[in-house]
$ cat coords_36.tsv   # TSV, C-alpha atoms
chain	number	residue	atom	x	y	z
Q	1	MET	CA	12.66	-11.72	23.55
Q	2	LEU	CA	12.69	-12.39	19.81
Q	3	THR	CA	13.17	-15.48	17.65
Q	4	VAL	CA	14.71	-15.17	14.18
Q	5	LEU	CA	14.17	-17.87	11.56
Q	6	MET	CA	16.81	-18.08	8.84
Q	7	PRO	CA	16.32	-20.92	6.31
Q	8	VAL	CA	19.48	-21.65	4.33
Q	9	GLU	CA	19.26	-23.12	0.84
Q	10	SER	CA	23.03	-23.00	0.27
Q	11	VAL	CA	25.99	-21.55	2.12
Q	12	ASN	CA	27.36	-18.88	-0.22
Q	13	LYS	CA	29.50	-15.75	0.05
Q	14	PHE	CA	26.59	-13.70	1.41
Q	15	PHE	CA	25.93	-15.89	4.44
Q	16	GLU	CA	28.50	-14.18	6.66
Q	17	ILE	CA	27.18	-10.71	5.72
Q	18	SER	CA	23.65	-11.75	6.70
Q	19	VAL	CA	24.65	-13.34	10.00
Q	20	CYS	CA	26.83	-10.36	10.94
Q	21	SER	CA	23.92	-8.01	10.25
Q	22	ILE	CA	21.94	-9.98	12.85
Q	23	LYS	CA	24.82	-10.00	15.33
Q	24	ASN	CA	25.08	-6.22	14.98
Q	25	GLN	CA	21.46	-5.48	15.86
Q	26	THR	CA	20.92	-2.90	18.58
Q	27	TYR	CA	18.26	-5.25	20.00
Q	28	LYS	CA	20.33	-8.08	21.51
Q	29	ASP	CA	17.78	-10.34	23.22
Q	30	PHE	CA	17.13	-12.89	20.47
Q	31	VAL	CA	17.77	-16.44	19.38
Q	32	CYS	CA	18.39	-17.19	15.69
Q	33	HIS	CA	17.58	-20.63	14.31
Q	34	ILE	CA	19.60	-21.37	11.16
Q	35	ILE	CA	17.68	-24.11	9.36
Q	36	CYS	CA	19.50	-26.02	6.61
Q	37	LYS	CA	19.15	-29.13	4.58
Q	38	LYS	CA	21.83	-31.73	5.42
Q	39	LEU	CA	25.22	-29.99	5.16
Q	40	ASP	CA	28.54	-31.29	3.90
Q	41	SER	CA	31.48	-30.95	6.27
Q	42	GLU	CA	32.87	-27.83	4.54
Q	43	SER	CA	29.56	-25.94	4.74
Q	44	LEU	CA	29.05	-26.90	8.38
Q	45	LYS	CA	32.59	-25.79	9.20
Q	46	HIS	CA	31.98	-22.44	7.46
Q	47	ILE	CA	28.69	-21.84	9.30
Q	48	ASN	CA	30.30	-22.61	12.65
Q	49	SER	CA	33.21	-20.29	11.89
Q	50	VAL	CA	30.80	-17.43	11.11
Q	51	ILE	CA	28.72	-18.01	14.24
Q	52	GLY	CA	31.77	-18.38	16.44
Q	53	ASP	CA	30.97	-18.61	20.15
Q	54	ASP	CA	27.72	-16.64	19.89
Q	55	GLY	CA	25.24	-18.89	21.70
Q	56	ARG	CA	22.24	-17.03	20.27
Q	57	PHE	CA	22.67	-18.91	16.98
Q	58	VAL	CA	21.50	-22.52	16.70
Q	59	ILE	CA	22.03	-24.74	13.64
Q	60	HIS	CA	19.40	-27.28	12.58
Q	61	GLU	CA	20.13	-29.80	9.83
Q	62	LEU	CA	17.03	-31.33	8.22
Q	63	GLU	CA	16.69	-34.42	6.07
Q	64	LEU	CA	13.59	-33.07	4.30
Q	65	ASP	CA	14.08	-30.17	1.88
Q	66	GLY	CA	11.82	-27.20	1.12
Q	67	ILE	CA	11.35	-23.76	2.61
Q	68	ASN	CA	7.83	-24.47	3.92
Q	69	PHE	CA	9.03	-27.44	5.91
Q	70	ALA	CA	12.04	-25.48	7.19
Q	71	LEU	CA	9.91	-22.54	8.30
Q	72	ASN	CA	7.28	-24.68	10.01
Q	73	TYR	CA	10.03	-26.68	11.71
Q	74	GLY	CA	11.48	-23.40	12.95
Q	75	LEU	CA	8.10	-22.02	13.93
Q	76	ASN	CA	7.58	-25.04	16.14
Q	77	LEU	CA	10.68	-23.94	18.10
Q	78	VAL	CA	9.46	-20.39	18.73
Q	79	LYS	CA	8.68	-19.63	22.37
Q	80	THR	CA	8.88	-15.83	22.15
Q	81	LYS	CA	6.26	-13.14	21.62
Q	82	TYR	CA	7.71	-12.08	18.27
Q	83	MET	CA	9.22	-13.89	15.31
Q	84	ALA	CA	11.36	-12.20	12.65
Q	85	ARG	CA	12.32	-13.58	9.26
Q	86	MET	CA	15.73	-13.32	7.67
Q	87	ASP	CA	17.25	-14.86	4.56
Q	88	ALA	CA	20.85	-15.98	4.30
Q	89	ASP	CA	21.79	-13.56	1.52
Q	90	ASP	CA	20.10	-10.34	2.69
Q	91	TYR	CA	21.13	-7.58	5.09
Q	92	SER	CA	19.28	-6.11	8.09
Q	93	PHE	CA	20.31	-2.63	9.21
Q	94	PRO	CA	21.31	-2.43	12.90
Q	95	THR	CA	18.09	-0.87	14.22
Q	96	ARG	CA	15.66	-3.10	12.31
Q	97	PHE	CA	14.67	-5.38	15.22
Q	98	GLU	CA	14.59	-2.55	17.74
Q	99	LYS	CA	12.25	-0.42	15.63
Q	100	GLN	CA	9.96	-3.27	14.60
Q	101	ILE	CA	9.54	-4.49	18.19
Q	102	LYS	CA	8.91	-0.92	19.34
Q	103	PHE	CA	6.19	-0.55	16.70
Q	104	LEU	CA	4.45	-3.81	17.66
Q	105	GLU	CA	4.69	-3.01	21.38
Q	106	GLU	CA	3.11	0.41	20.84
Q	107	ASN	CA	0.47	-0.81	18.36
Q	108	PRO	CA	-1.11	-4.01	19.75
Q	109	LYS	CA	-3.71	-4.28	16.96
Q	110	TYR	CA	-1.00	-4.78	14.33
Q	111	VAL	CA	0.01	-8.40	13.76
Q	112	MET	CA	3.06	-7.90	11.55
Q	113	VAL	CA	5.35	-5.12	10.40
Q	114	GLY	CA	7.81	-4.72	7.54
Q	115	CYS	CA	9.90	-1.76	6.43
Q	116	ARG	CA	11.17	0.08	3.40
Q	117	VAL	CA	13.42	-2.23	1.36
Q	118	GLN	CA	16.26	-1.52	-1.05
Q	119	MET	CA	16.94	-4.16	-3.70
Q	120	VAL	CA	20.62	-4.81	-4.46
Q	121	ASP	CA	22.67	-7.08	-6.72
Q	122	ASP	CA	25.51	-9.50	-5.97
Q	123	GLU	CA	27.86	-6.55	-5.52
Q	124	ASP	CA	25.56	-4.70	-3.07
Q	125	LYS	CA	24.74	-2.12	-5.72
Q	126	LYS	CA	21.23	-0.71	-6.07
Q	127	ILE	CA	19.32	-2.15	-9.02
Q	128	ILE	CA	16.65	-0.61	-11.23
Q	129	GLN	CA	13.97	-2.97	-9.98
Q	130	GLN	CA	12.59	-1.85	-6.65
Q	131	PHE	CA	10.38	-3.44	-4.00
Q	132	LYS	CA	7.42	-1.08	-4.13
Q	133	PHE	CA	6.67	0.49	-0.78
Q	134	PHE	CA	3.14	0.47	0.66
Q	135	GLN	CA	2.31	2.15	3.95
Q	136	GLY	CA	-0.90	1.78	5.93
Q	137	ASN	CA	-3.13	-1.23	6.55
Q	138	LYS	CA	-5.66	-0.23	3.87
Q	139	LYS	CA	-3.09	0.13	1.09
Q	140	ILE	CA	-1.27	-3.06	2.06
Q	141	ARG	CA	-4.49	-5.08	2.12
Q	142	ARG	CA	-5.50	-3.75	-1.30
Q	143	ALA	CA	-2.09	-4.59	-2.77
Q	144	LEU	CA	-2.17	-8.15	-1.40
Q	145	LYS	CA	-4.76	-9.00	-4.04
Q	146	TYR	CA	-2.35	-8.49	-6.92
Q	147	ARG	CA	1.23	-8.20	-5.65
Q	148	MET	CA	3.54	-8.63	-2.64
Q	149	PRO	CA	3.47	-5.48	-0.44
Q	150	LEU	CA	5.47	-6.92	2.50
Q	151	CYS	CA	9.00	-8.24	1.94
Q	152	HIS	CA	8.97	-11.57	3.75
Q	153	PRO	CA	12.58	-11.69	5.05
Q	154	ALA	CA	12.17	-8.11	6.33
Q	155	VAL	CA	8.99	-8.82	8.34
Q	156	MET	CA	8.40	-9.31	12.05
Q	157	PHE	CA	5.27	-11.18	13.23
Q	158	ARG	CA	3.37	-11.69	16.43
Q	159	THR	CA	4.00	-15.39	16.99
Q	160	SER	CA	0.42	-15.93	18.15
Q	161	THR	CA	-0.85	-14.80	14.74
Q	162	LEU	CA	1.29	-17.39	12.96
Q	163	PHE	CA	0.02	-20.15	15.23
Q	164	GLU	CA	-3.60	-19.02	14.87
Q	165	ASN	CA	-3.24	-19.22	11.07
Q	166	LYS	CA	-1.53	-22.65	11.05
Q	167	GLY	CA	1.85	-21.45	9.83
Q	168	TYR	CA	3.02	-21.95	6.27
Q	169	MET	CA	0.73	-24.09	4.15
Q	170	TYR	CA	1.30	-23.41	0.47
Q	171	GLY	CA	3.73	-23.65	-2.43
Q	172	ASN	CA	7.49	-23.52	-2.81
Q	173	THR	CA	7.88	-19.94	-4.04
Q	174	SER	CA	4.87	-18.13	-2.59
Q	175	GLU	CA	4.49	-19.39	0.96
Q	176	ASP	CA	4.68	-15.84	2.27
Q	177	HIS	CA	2.04	-14.22	0.03
Q	178	GLU	CA	-0.46	-16.99	0.66
Q	179	LEU	CA	0.13	-16.75	4.44
Q	180	TYR	CA	-0.49	-12.99	4.37
Q	181	ILE	CA	-3.78	-13.46	2.53
Q	182	ARG	CA	-4.97	-15.99	5.11
Q	183	ILE	CA	-4.01	-13.61	7.92
Q	184	ALA	CA	-5.86	-10.81	6.10
Q	185	ARG	CA	-9.13	-12.78	6.15
Q	186	ASN	CA	-9.56	-11.47	9.69
Q	187	PRO	CA	-10.30	-7.74	9.33
Q	188	GLU	CA	-9.00	-7.12	12.85
Q	189	ASN	CA	-5.48	-8.13	11.80
Q	190	LEU	CA	-3.64	-4.96	10.80
Q	191	PHE	CA	-0.50	-4.66	8.64
Q	192	GLU	CA	2.16	-1.96	8.41
Q	193	ASN	CA	5.51	-1.08	6.87
Q	194	ILE	CA	7.84	1.25	8.76
Q	195	PRO	CA	8.78	4.09	6.37
Q	196	GLU	CA	12.50	3.65	6.96
Q	197	HIS	CA	15.09	1.80	4.91
Q	198	LEU	CA	16.02	-1.01	7.32
Q	199	PHE	CA	16.69	-3.89	4.93
Q	200	ASN	CA	18.60	-4.76	1.75
Q	201	TYR	CA	16.94	-7.48	-0.33
Q	202	ARG	CA	19.36	-9.25	-2.65
Q	203	ARG	CA	18.37	-10.38	-6.13
Q	204	ASN	CA	20.82	-12.93	-7.43
Q	205	ARG	CA	20.76	-15.84	-9.82
Q	206	HIS	CA	20.50	-18.41	-7.03
Q	207	GLN	CA	17.11	-17.25	-5.77
Q	208	LEU	CA	13.95	-19.31	-6.15
Q	209	THR	CA	12.16	-16.17	-7.31
Q	210	ASP	CA	14.51	-15.72	-10.28
Q	211	MET	CA	12.68	-15.27	-13.61
Q	212	ARG	CA	13.92	-18.70	-14.73
Q	213	ASN	CA	11.50	-20.13	-12.17
Q	214	ALA	CA	8.69	-17.77	-13.19
Q	215	TRP	CA	6.30	-20.45	-14.42
Q	216	GLU	CA	6.58	-22.51	-11.25
Q	217	SER	CA	6.05	-19.37	-9.24
Q	218	TYR	CA	3.08	-18.39	-11.40
Q	219	THR	CA	1.26	-21.70	-10.89
Q	220	ASP	CA	1.68	-21.31	-7.13
Q	221	ILE	CA	0.59	-17.68	-6.91
Q	222	GLY	CA	-2.13	-17.95	-9.54
Q	223	GLY	CA	-3.53	-20.98	-7.73
Q	224	PHE	CA	-4.07	-19.36	-4.35
Q	225	LEU	CA	-5.23	-16.06	-5.88
Q	226	PHE	CA	-7.94	-17.96	-7.77
Q	227	THR	CA	-8.87	-19.81	-4.58
Q	228	GLU	CA	-9.28	-16.48	-2.81
Q	229	PHE	CA	-11.36	-15.16	-5.72
Q	230	LEU	CA	-13.73	-18.13	-5.30
Q	231	ARG	CA	-13.96	-17.41	-1.57
Q	232	THR	CA	-14.67	-13.69	-1.96
Q	233	TRP	CA	-15.70	-13.05	-5.59
Q	234	ASN	CA	-13.46	-10.00	-5.46
Q	235	PRO	CA	-12.35	-9.32	-9.08
Q	236	PHE	CA	-9.04	-7.81	-7.94
Q	237	TYR	CA	-7.76	-11.34	-7.37
Q	238	LEU	CA	-8.30	-12.02	-11.08
Q	239	VAL	CA	-6.35	-8.84	-11.82
Q	240	GLY	CA	-3.60	-10.30	-9.65
Q	241	ILE	CA	-3.53	-13.53	-11.66
Q	242	ILE	CA	-2.88	-11.48	-14.79
Q	243	ALA	CA	-0.39	-9.16	-13.10
Q	244	VAL	CA	1.88	-12.01	-11.94
Q	245	HIS	CA	1.83	-13.82	-15.31
Q	246	PRO	CA	5.42	-14.31	-16.58
Q	247	PHE	CA	4.64	-12.31	-19.74
Q	248	CYS	CA	3.56	-9.31	-17.65
Q	249	ARG	CA	6.54	-9.66	-15.33
Q	250	ASN	CA	8.94	-9.81	-18.28
Q	251	PHE	CA	7.28	-6.79	-19.85
Q	252	ARG	CA	7.70	-4.79	-16.63
Q	253	LYS	CA	11.32	-5.91	-16.38
Q	254	LEU	CA	11.99	-4.81	-19.97
Q	255	SER	CA	10.31	-1.45	-19.33
Q	256	ARG	CA	12.48	-0.86	-16.26
Q	257	ASN	CA	15.63	-1.68	-18.19
Q	258	ILE	CA	14.72	0.67	-21.03
Q	259	LYS	CA	13.84	3.42	-18.55
Q	260	GLY	CA	17.12	2.84	-16.73
Q	261	LYS	CA	19.14	3.32	-19.91
Q	262	PHE	CA	17.56	6.72	-20.48
Q	263	ILE	CA	18.02	7.79	-16.87
Q	264	ASP	CA	21.58	6.47	-16.50
Q	265	PRO	CA	23.13	6.11	-19.98

$ encode --input "coords_36.tsv" --output "structure tokens"
Amino acid sequence: MLTVLMPVESVNKFFEISVCSIKNQTYKDFVCHIICKKLDSESLKHINSVIGDDGRFVIHELELDGINFALNYGLNLVKTKYMARMDADDYSFPTRFEKQIKFLEENPKYVMVGCRVQMVDDEDKKIIQQFKFFQGNKKIRRALKYRMPLCHPAVMFRTSTLFENKGYMYGNTSEDHELYIRIARNPENLFENIPEHLFNYRRNRHQLTDMRNAWESYTDIGGFLFTEFLRTWNPFYLVGIIAVHPFCRNFRKLSRNIKGKFIDP
């Protein structure tokens, strides 16, 4: 059996799409915990209407805000061998859970698995920016030092690995990256991405990772990358601190836009 954790910052027009993508999974044996801050009556009514009579979905309303708290609250509820993440504005293709569980069952040394991800906008159209795909434990581990190689809401974990590493411990915009680095401290923990497009990751103006929040994100990510540099003296973590600087991110965004105009005038 599988547990899905879906933290909800706000109930928007994408919520139903995300929930339906979970309902439509070919792997049916799961429970999905929808974890929200305190909801108004309209939002609660909407969530209940989307869930309907599907008993696999459970709503949790929390007084304390923040994604770390929500995820750790949810993690404390997990009683299954595997835990999958999902965000309330993204889309999982029907075979995502089935294929990720199959991979983890057949490869017991791997502690988590992602997949190939397509980034889309508010209209479900592909965007120029892409979530770069890394395959193989060695490449993923190398990339962790300077960027995010595993899309958090598209990942499935062994629950035991999350408990062994004390769950989510850091930041408001980088809880996933920091968790991966802690998991990677054990060389026996292996990572993989399935080379199939099983997930659409939505970039919209409501996201915490929007460029308007780049400085807050940078202080979080830069902080734990420097901590890891002090632990290991690996200079690639310093490269990572530079790579995630808002100036570098804006430069890459500008370059993509210019390139896109030439490719698709």

$ closest_residue --input "coords_36.tsv" --among "Q:Phe15, Q:Phe93, Q:Trp233, Q:Tyr218" --to "Q:Arg147" --atoms "all atoms listed in the file"
Q:Tyr218

$ closest_residue --input "coords_36.tsv" --among "Q:Phe191, Q:Tyr91, Q:Tyr180, Q:Phe224" --to "Q:Glu16" --atoms "all atoms listed in the file"
Q:Tyr91

$ residues_near_point --input "coords_36.tsv" --point "(22.9, -25.3, 17.3)" --cutoff "10 Å" --atoms "all atoms listed in the file" --output "list in words"
Cys32, His33, Ile34, Ile35, Asn48, Ile51, Gly55, Arg56, Phe57, Val58, Ile59, His60 and Glu61 of chain Q

$ write_last_selection --input "coords_36.tsv" --atoms "C-alpha atoms" --output "short mmCIF file (atom, residue, chain, number, x, y, z; two decimals), keeping the file's coordinate frame"
data_model
loop_
_atom_site.label_atom_id
_atom_site.label_comp_id
_atom_site.auth_asym_id
_atom_site.auth_seq_id
_atom_site.Cartn_x
_atom_site.Cartn_y
_atom_site.Cartn_z
CA CYS Q 32 18.39 -17.19 15.69
CA HIS Q 33 17.58 -20.63 14.31
CA ILE Q 34 19.60 -21.37 11.16
CA ILE Q 35 17.68 -24.11 9.36
CA ASN Q 48 30.30 -22.61 12.65
CA ILE Q 51 28.72 -18.01 14.24
CA GLY Q 55 25.24 -18.89 21.70
CA ARG Q 56 22.24 -17.03 20.27
CA PHE Q 57 22.67 -18.91 16.98
CA VAL Q 58 21.50 -22.52 16.70
CA ILE Q 59 22.03 -24.74 13.64
CA HIS Q 60 19.40 -27.28 12.58
CA GLU Q 61 20.13 -29.80 9.83
#

$ closest_residue --input "coords_36.tsv" --among "Q:Arg231, Q:Arg85, Q:Lys138, Q:Arg203" --to "Q:Arg158" --atoms "only C-alpha atoms"
Q:Arg85

$ closest_residue --input "coords_36.tsv" --among "Q:Ile183, Q:Leu64, Q:Val239, Q:Ile194" --to "Q:Arg141" --atoms "all atoms listed in the file"
Q:Ile183

$ residues_near_point --input "coords_36.tsv" --point "(12.8, -25.6, 13.3)" --cutoff "12 Å" --atoms "all atoms listed in the file" --output "JSON, numbers by chain"
{"Q": [3, 4, 5, 6, 7, 8, 32, 33, 34, 35, 36, 37, 58, 59, 60, 61, 62, 64, 67, 68, 69, 70, 71, 72, 73, 74, 75, 76, 77, 78, 79]}
